[in-house]
Every structure is written in structure tokens, then in C-alpha cells.
Amino acid sequence: MEIGIEDEIVDMSMVPPSSSSMKIVRSSGFGHIGPNNEFMSKDAYLRNRCSEIDIEVEDSSLNQNGPLPIFLKFEDVEFKVRNSQASSNMKTMVSKAATPNTMEEDRYKKILKGITGNIGPGEILALMGPSGSGKTTLLRVVGGRLLDNVKGKITYNDVKYTPAVKRRIGFVTQEDILFPQLTVEETLIFSAFLRLPTTMNKQQKYAKVEKTLKELGLERCRHTKIGGVSGGERKRTSIGYEILVDPSLLLLDEPTSGLDSTSANKLLVTLQGLAKAGRTLITTIHQPSSRIFHMFDKLLLISEGYPIYYGTARETMEYFSSLRFSPEIAMNPAEFLLDMATGEVNDISVPTDIFHDQESAHDSSKAVIKYLQLKYKTLLEPIAKENQRGVNIPEHLQVAIQVKKEWTLSWLDQFFILSRRTFKARSKDYFDKLRIFQAIGVAFLLGLFWWKSSINTEAQLRDQVGLAFYICIFWTSTCIFAAVYVFPFEKYFLIKERKADMYRLSVYYVCSTLCDMVAHVLYPTIFLIILYFMAGFKRTVGCFFLTLFVVLLIAITSQGAGELFGAAVMNIKRSGMVATLVLMLFLLTGGYYVQHIPKFMLWLKYISFMYYGFRLLLKVQYSGDELFDCEGRWGCRPLQTSPTFGTVNLKGGLKEVWVMVAMAICFRLLAYFCLRRKIDV
């Protein structure tokens, strides 16, 4: 594979020689339409075509305040995905005499099939084509998001992709992945504080956010939550999220998708301004309006993974006219180009020699696409490759792009900023009215059912022990299901921000588990304060706080188990199913429903933290020497002799504490490693 990871240059100054800078000189294009409004011929078009990017070195210093200029080149880029194993086996069985090449084709499906192009600072390259043509795949390949199964040569200032290059690329996905609970301003502020360098002080970072809000026209909605802004404002916030750190290469996937024509036009005007500031922009776009189409500098038209046009956007119609394709009615250029890419030639005049045989006449779409691919291969591709090889990148730009950008913040700084954002984004869930009502309501309900319960008789003792087990069940299930969905819900946020190297994964995990622990400590505490004295448990300060400690230990251990299930599965539906099955297993082995488990199933109770939590709660609440059932037939007897405690030794308790603490830690360590494996960026 051509796209590799090279050694990074760490100790190297980014300051370029003072005598060097660069300027982009564009070609004059295809020429003009003749006096009789006739398009020039194919030969005339080729004679007038010249180099599309030339870099001139002048005697002026490089702008240190702007982004580092990036000249992106990609040549003969191919990408393939693996077919399903069953389909591959079936094809191999059907064709027993299959050649190695045929078997390779059976195993893989090509998405991109030899695409060449280049783009420099100050320019916008539009990737157009019908759905499924490979636009987004190409965008992800040049952005370094797809590295496996890629062939071809991709360079950034004549340097291959490295982690150093990665931090100079901004990627705006088609879906706006933003926290809906944060306002527009808060979203940009947290991004700025996490990503901008430590050389900038607090005021400078706020000023950068303010400048970005003004540039993108977001001042009016700055205090509106993301969940309440319009589609255009949300898209501009996503762009602002990326340009805060001055990316040299900005990639956008369908930025106008879902926007009306006015909002889309405003967005493209904004993108033009970003490009003029020295950035290199590439965007996929499906079917832009005529006004938007003419805002693009370059266009790459893709059909079924093959390029059928690459060049300046304003000259596309002239190129296809030189091939004798022209609309018979007034038509949006983008609509015409999509018809070309799909082979649909209704209301379009076409060369008659395309349909030279009966098969071509029968399937006109395939014939048109095949003809355009052939013409691109013979006419445009050689010129594109020749121009690309003629672009010389100044040496200081090649050196500068290899400088490794270290983490902008220390671990602790990232922790403090990210914990504030995490708490703010989840605070609505933490203090949800229904959640508060659940804790208080269930506590009162249980208190009424077990009002002033006692242990005077065996039946009363059994009832109170049942309450203790229900407390274990309630907080185990509540905390597991509160934690199991956290990582699956935030999966896409995490992937996006990790790909942008915003923070360390360990910082995210610690912030997540500690912030969530606030709710897992607060609600059990409120619950127990209400229930403890209503239900008639031991009225001593020491016993109350020990009981609270045990309940909190159960809640925190359950939270760790929920995080583990969520991180291991990373699917909302499946993680809930796994949590349900494991919870049922814990209930059965908890020591209340089944006290005498068969030997071959005995090992299950030792991996159930509910088993240890329930035993610990009993040891805290009851003493083996305490007398009960004094009015019974046999007179007073110690609690330890009760059948209820037949399998529980009420002495000690430290063993259970250490086991549960170890489980809480192990669950979290395993959850972190599962998260690192799943979020592999």
C-alpha cells in the first residue's frame, strides 16, 4: 500500500526561510465560445488546456498567523472492500476453474478505480457523482480515515500521510455530531480549550471563539442549544468546530445536505472565505444549484468509482460539448453532469457513434458511461498527471508539515476541561425529574410496606432480609442500566473527537465514570436517608453510615459492570440485552432466592457482586450474637441460628469489602480496554 506511516520529525522548527512563500497561478481555462456560439472542438480544447497549479517562490515571508499551506496530490487512487465470505465461497464453488485474478475479484469489491487529481490552498474542489459513486470514500481516503486496502499515491506537500499530517486535517461529516445539550458558544469554547495550544492564554482562546462566531454568522444563535438551532446553523457550528484550530486541509461531506437553497448558498460563501484565508477545501456535493456550482474552483466527477471529468468547474460544459454532449433544453449544469455520470441522456444530444452495436443501443446508460470513462482515460488523465508532476513544493513546506504536534494540554488540563463539558452535557440526565421522583418515590413506597419492621419473629426477620435484598436488586439494576448505554450513545461523538486528537481516551473514560458517579452516589444516599428510618433498621449512627457505604459500594460496582457491558458491545440494543441476562444471573446467585446451589453451578456466585453485596449488607445490619424470637416456642436465640442465615456467617465482612472494591476496579479496567479496542483510531 502506498499510503504509509513515516518517521515523524519532532525537533524541527516550523519557521520557513524568510525568502520563500508561494502563490497560486491558475490557468486561463479552455478558451472562449466562438462568435457563432459554437463550442470549440475536442482538439482545440486540448490545445488550450494548461497547467492548473503552478507554485512560484517570492521574496516575502510566510504568513505565520494563518494555516500552513497544503498542496494535496492523489494519483491512481484505488480502494476496495471485502465481500462477504459466503458470497465469495459460493462464487468459487460455481467457478471451479477460477483464476487467481478472478478469485481476488470475488473476495473484494472495488469502490474507487484509479482517481487522480490535485488541489492547493485557496481552492475548493467539489466531488460530484450519483449516490454510491465513491465520493465520500474518496474524501475519507484523502483525509487519512481509510488506510487499509488503499492503492495509489497520496501526498501532502509531497509528504505521505503521518500522524503529524493528521492534526492538520479538519473533517466535517455529513451528520452533525454535536452534543445537543450544549449551546453553540459552549460547543466552540470547549473545542477551543481542548485543541488550541497552551501558548494561547484564556483571553486569546475566547477571542478566537468570538472571531469564529462572527466569521460563520453564528452570533444570533450563540446562546441557543444545538438541539434547537436550524440545520444551516448546526452545519456552520460543525465547520466552526473544525476551523478553530486552523486546519490546513478542510474536508466536508455533503455540507449542503438538508439545507434550503438560500442557506446552502450562504454556507458556500462562508467556505469561499475560509479557502481565501489559505486553506485547501474539498467537499462532496450531490446536486448543487447553478449559483453554488459556479463557486467551485475545481470539479471531479465520479461514476461507478471511475472519474469521467477532472478540471476547472466553469469549463465542464465546454468539455462535454467538445465530446458532442450538450443539453437540448435549459438545464442546471449540476443536473446535466449527474445525467452524464448515470448515463441518462434524456433531453441531451449524444454522439451517434456511441451506439455502434446492438448491445450498446439496448443498454444506452452503460454505453454512455463507458464512452466517457474512455475519453477521460485518453484525454484528461494524461494531462492531470503531467500537471501534477510539474508542481514543485517548496522545501520549507515539506519540512513544516512533518513537524509533530504534541498534545496541546497536559493530562490534568484535559481532565478538568473535559469533566466540565461532560458534566454540563449530562447534567440534564443527572437531575432528571423522573429520576429524582423514582429514587424518592420508591424509597417512600418501600418505607410504607416495611413500616417500622422488626426482627422479633422468624417471619418478621425474613421480611426485613427480603427488603435488604430488594435494595441490592434495585440499585444494581438502576446503576447497570444507567451506565450500560453511556458509551453506545456517545460512540460517534467519541470516534469523531478521537480522530481529531482532541484528548486522550483515558481522560475521556475517567471523566465519564467520575461524572456519572455523582448520580450513582447522590440518589442512593437520598433513597437510604428516607427508607432507613421508615423501615425500622438499626437506629445507630455507625450502622446507618456502614449501610450507606455498602449500598454505595453496590451502586459503584454496578456502574462499573454496566460500563463494561456497554464498552464490550457498543450497541444500544445488544448491550441492554447483555445487561439483562447478566443481571438475571446475578439475581439467581445473590444468595436469597437459591441458598443451596448445585456444586457444578457453585462457581457462578463467586463472580456475582450482588452475592458479596447482599452478604455484606446482612453483616452490617445484623449481629450473630443478637437475640431474637424471645416470645417463640423455644425462647430467645441468637440470630446466627436462624435458617435465614444458614449460609451466611454474620461475623467479619472485610473479605466482601475487598472483593467488591477489586471487582469495581477490574470492571473499569476491562471497560477501558474494551473501549480502546472498539474505538480504534
# chains A, B, ... in the order shown; residues from 1 in each chain; ligands from 1
$ select_by_dssp --residues "region 299-454 of chain A" --states "strand (DSSP E or B)" --output "ChimeraX atom specification"
/A:299-303,306-312,326-327,348-349,403
$ write_last_selection --atoms "N, CA, C and O atoms" --output "short mmCIF file (atom, residue, chain, number, x, y, z; two decimals), in the first residue's frame"
data_model
loop_
_atom_site.label_atom_id
_atom_site.label_comp_id
_atom_site.auth_asym_id
_atom_site.auth_seq_id
_atom_site.Cartn_x
_atom_site.Cartn_y
_atom_site.Cartn_z
N LEU A 299 -13.57 20.61 -10.18
CA LEU A 299 -14.62 19.60 -10.09
C LEU A 299 -14.06 18.24 -10.48
O LEU A 299 -13.33 18.12 -11.46
N LEU A 300 -14.41 17.24 -9.68
CA LEU A 300 -14.07 15.86 -10.00
C LEU A 300 -15.39 15.10 -10.08
O LEU A 300 -16.10 14.97 -9.08
N LEU A 301 -15.74 14.64 -11.27
CA LEU A 301 -16.99 13.93 -11.50
C LEU A 301 -16.72 12.43 -11.53
O LEU A 301 -15.89 11.96 -12.30
N ILE A 302 -17.41 11.69 -10.66
CA ILE A 302 -17.16 10.25 -10.49
C ILE A 302 -18.41 9.47 -10.88
O ILE A 302 -19.53 9.83 -10.53
N SER A 303 -18.20 8.38 -11.61
CA SER A 303 -19.29 7.49 -11.99
C SER A 303 -18.86 6.06 -11.75
O SER A 303 -17.87 5.58 -12.33
N TYR A 306 -15.23 5.39 -11.16
CA TYR A 306 -14.30 5.88 -12.18
C TYR A 306 -14.47 7.39 -12.34
O TYR A 306 -15.60 7.90 -12.31
N PRO A 307 -13.39 8.14 -12.55
CA PRO A 307 -13.53 9.56 -12.88
C PRO A 307 -13.94 9.71 -14.34
O PRO A 307 -13.46 8.98 -15.21
N ILE A 308 -14.84 10.65 -14.62
CA ILE A 308 -15.18 10.94 -16.02
C ILE A 308 -14.91 12.41 -16.35
O ILE A 308 -15.02 12.80 -17.51
N TYR A 309 -14.57 13.19 -15.34
CA TYR A 309 -14.12 14.56 -15.60
C TYR A 309 -13.31 15.04 -14.41
O TYR A 309 -13.66 14.80 -13.25
N TYR A 310 -12.22 15.74 -14.70
CA TYR A 310 -11.45 16.43 -13.67
C TYR A 310 -10.88 17.68 -14.30
O TYR A 310 -10.21 17.63 -15.33
N GLY A 311 -11.18 18.82 -13.68
CA GLY A 311 -10.68 20.09 -14.20
C GLY A 311 -11.40 21.23 -13.52
O GLY A 311 -12.03 21.07 -12.47
N THR A 312 -11.30 22.42 -14.11
CA THR A 312 -11.97 23.58 -13.53
C THR A 312 -13.48 23.44 -13.71
O THR A 312 -13.95 22.96 -14.74
N SER A 326 -24.47 17.75 -25.27
CA SER A 326 -24.98 19.07 -24.92
C SER A 326 -26.47 18.97 -24.63
O SER A 326 -27.19 18.20 -25.26
N PRO A 327 -26.94 19.75 -23.65
CA PRO A 327 -28.37 19.70 -23.31
C PRO A 327 -29.23 20.32 -24.41
O PRO A 327 -28.85 21.32 -25.01
N ILE A 348 -30.77 15.23 -23.93
CA ILE A 348 -29.35 15.53 -24.16
C ILE A 348 -28.95 14.91 -25.49
O ILE A 348 -29.21 13.73 -25.75
N SER A 349 -28.30 15.73 -26.32
CA SER A 349 -27.81 15.21 -27.60
C SER A 349 -26.50 14.47 -27.36
O SER A 349 -25.65 14.92 -26.59
N VAL A 403 6.41 18.28 11.03
CA VAL A 403 6.65 18.59 12.44
C VAL A 403 5.52 18.02 13.27
O VAL A 403 4.34 18.28 13.02
#
$ select_by_dssp --residues "region 289-373 of chain A" --states "helix (DSSP H, G or I)" --output "VMD selection string"
chain A and resid 290 to 293 313 to 322 333 to 342 352 to 354 358 to 362 364 to 373
$ write_last_selection --atoms "C-alpha atoms" --output "tab-separated table (two decimals), in the first residue's frame"
chain	number	residue	atom	x	y	z
A	290	SER	CA	-26.37	26.82	-10.51
A	291	ARG	CA	-25.11	29.61	-8.23
A	292	ILE	CA	-23.36	27.17	-5.91
A	293	PHE	CA	-21.89	25.20	-8.82
A	313	ALA	CA	-15.67	23.70	-12.72
A	314	ARG	CA	-16.53	26.54	-15.08
A	315	GLU	CA	-15.25	24.59	-18.11
A	316	THR	CA	-17.15	21.34	-17.62
A	317	MET	CA	-19.90	22.21	-20.10
A	318	GLU	CA	-17.33	23.09	-22.76
A	319	TYR	CA	-15.51	19.80	-22.25
A	320	PHE	CA	-18.65	17.72	-22.69
A	321	SER	CA	-19.66	19.85	-25.67
A	322	SER	CA	-16.30	19.05	-27.25
A	333	PRO	CA	-25.01	22.30	-15.07
A	334	ALA	CA	-25.05	20.06	-11.99
A	335	GLU	CA	-28.15	18.28	-13.23
A	336	PHE	CA	-26.53	17.78	-16.62
A	337	LEU	CA	-23.37	16.37	-15.04
A	338	LEU	CA	-25.32	13.92	-12.89
A	339	ASP	CA	-27.11	12.74	-16.02
A	340	MET	CA	-23.68	12.18	-17.59
A	341	ALA	CA	-22.49	10.25	-14.54
A	342	THR	CA	-25.55	7.99	-14.55
A	352	THR	CA	-24.28	8.75	-32.67
A	353	ASP	CA	-21.16	6.60	-32.89
A	354	ILE	CA	-21.55	5.54	-29.22
A	358	GLN	CA	-26.98	-3.70	-30.89
A	359	GLU	CA	-25.82	-4.29	-27.30
A	360	SER	CA	-24.86	-0.63	-26.85
A	361	ALA	CA	-28.18	0.53	-28.29
A	362	HIS	CA	-30.05	-1.77	-25.92
A	364	SER	CA	-27.59	3.16	-23.57
A	365	SER	CA	-26.66	4.14	-19.98
A	366	LYS	CA	-23.73	1.72	-19.81
A	367	ALA	CA	-22.61	2.71	-23.28
A	368	VAL	CA	-22.52	6.41	-22.35
A	369	ILE	CA	-20.64	5.81	-19.09
A	370	LYS	CA	-18.12	3.52	-20.79
A	371	TYR	CA	-17.57	6.10	-23.53
A	372	LEU	CA	-16.98	8.94	-21.01
A	373	GLN	CA	-14.60	6.80	-18.96
$ closest_residue --among "A:Val184, A:Leu445, A:Val229, A:Val399" --to "Ile70 (chain A)" --atoms "only C-alpha atoms"
A:Val399
$ closest_residue --among "A:Thr422, A:Ser477, A:Gln414, A:Ser427" --to "Thr198 (chain A)" --atoms "only C-alpha atoms"
A:Gln414
$ atom_distance --atom1 "CA of Gly560 (chain A)" --atom2 "CA of Phe667 (chain A)"
5.2 Å
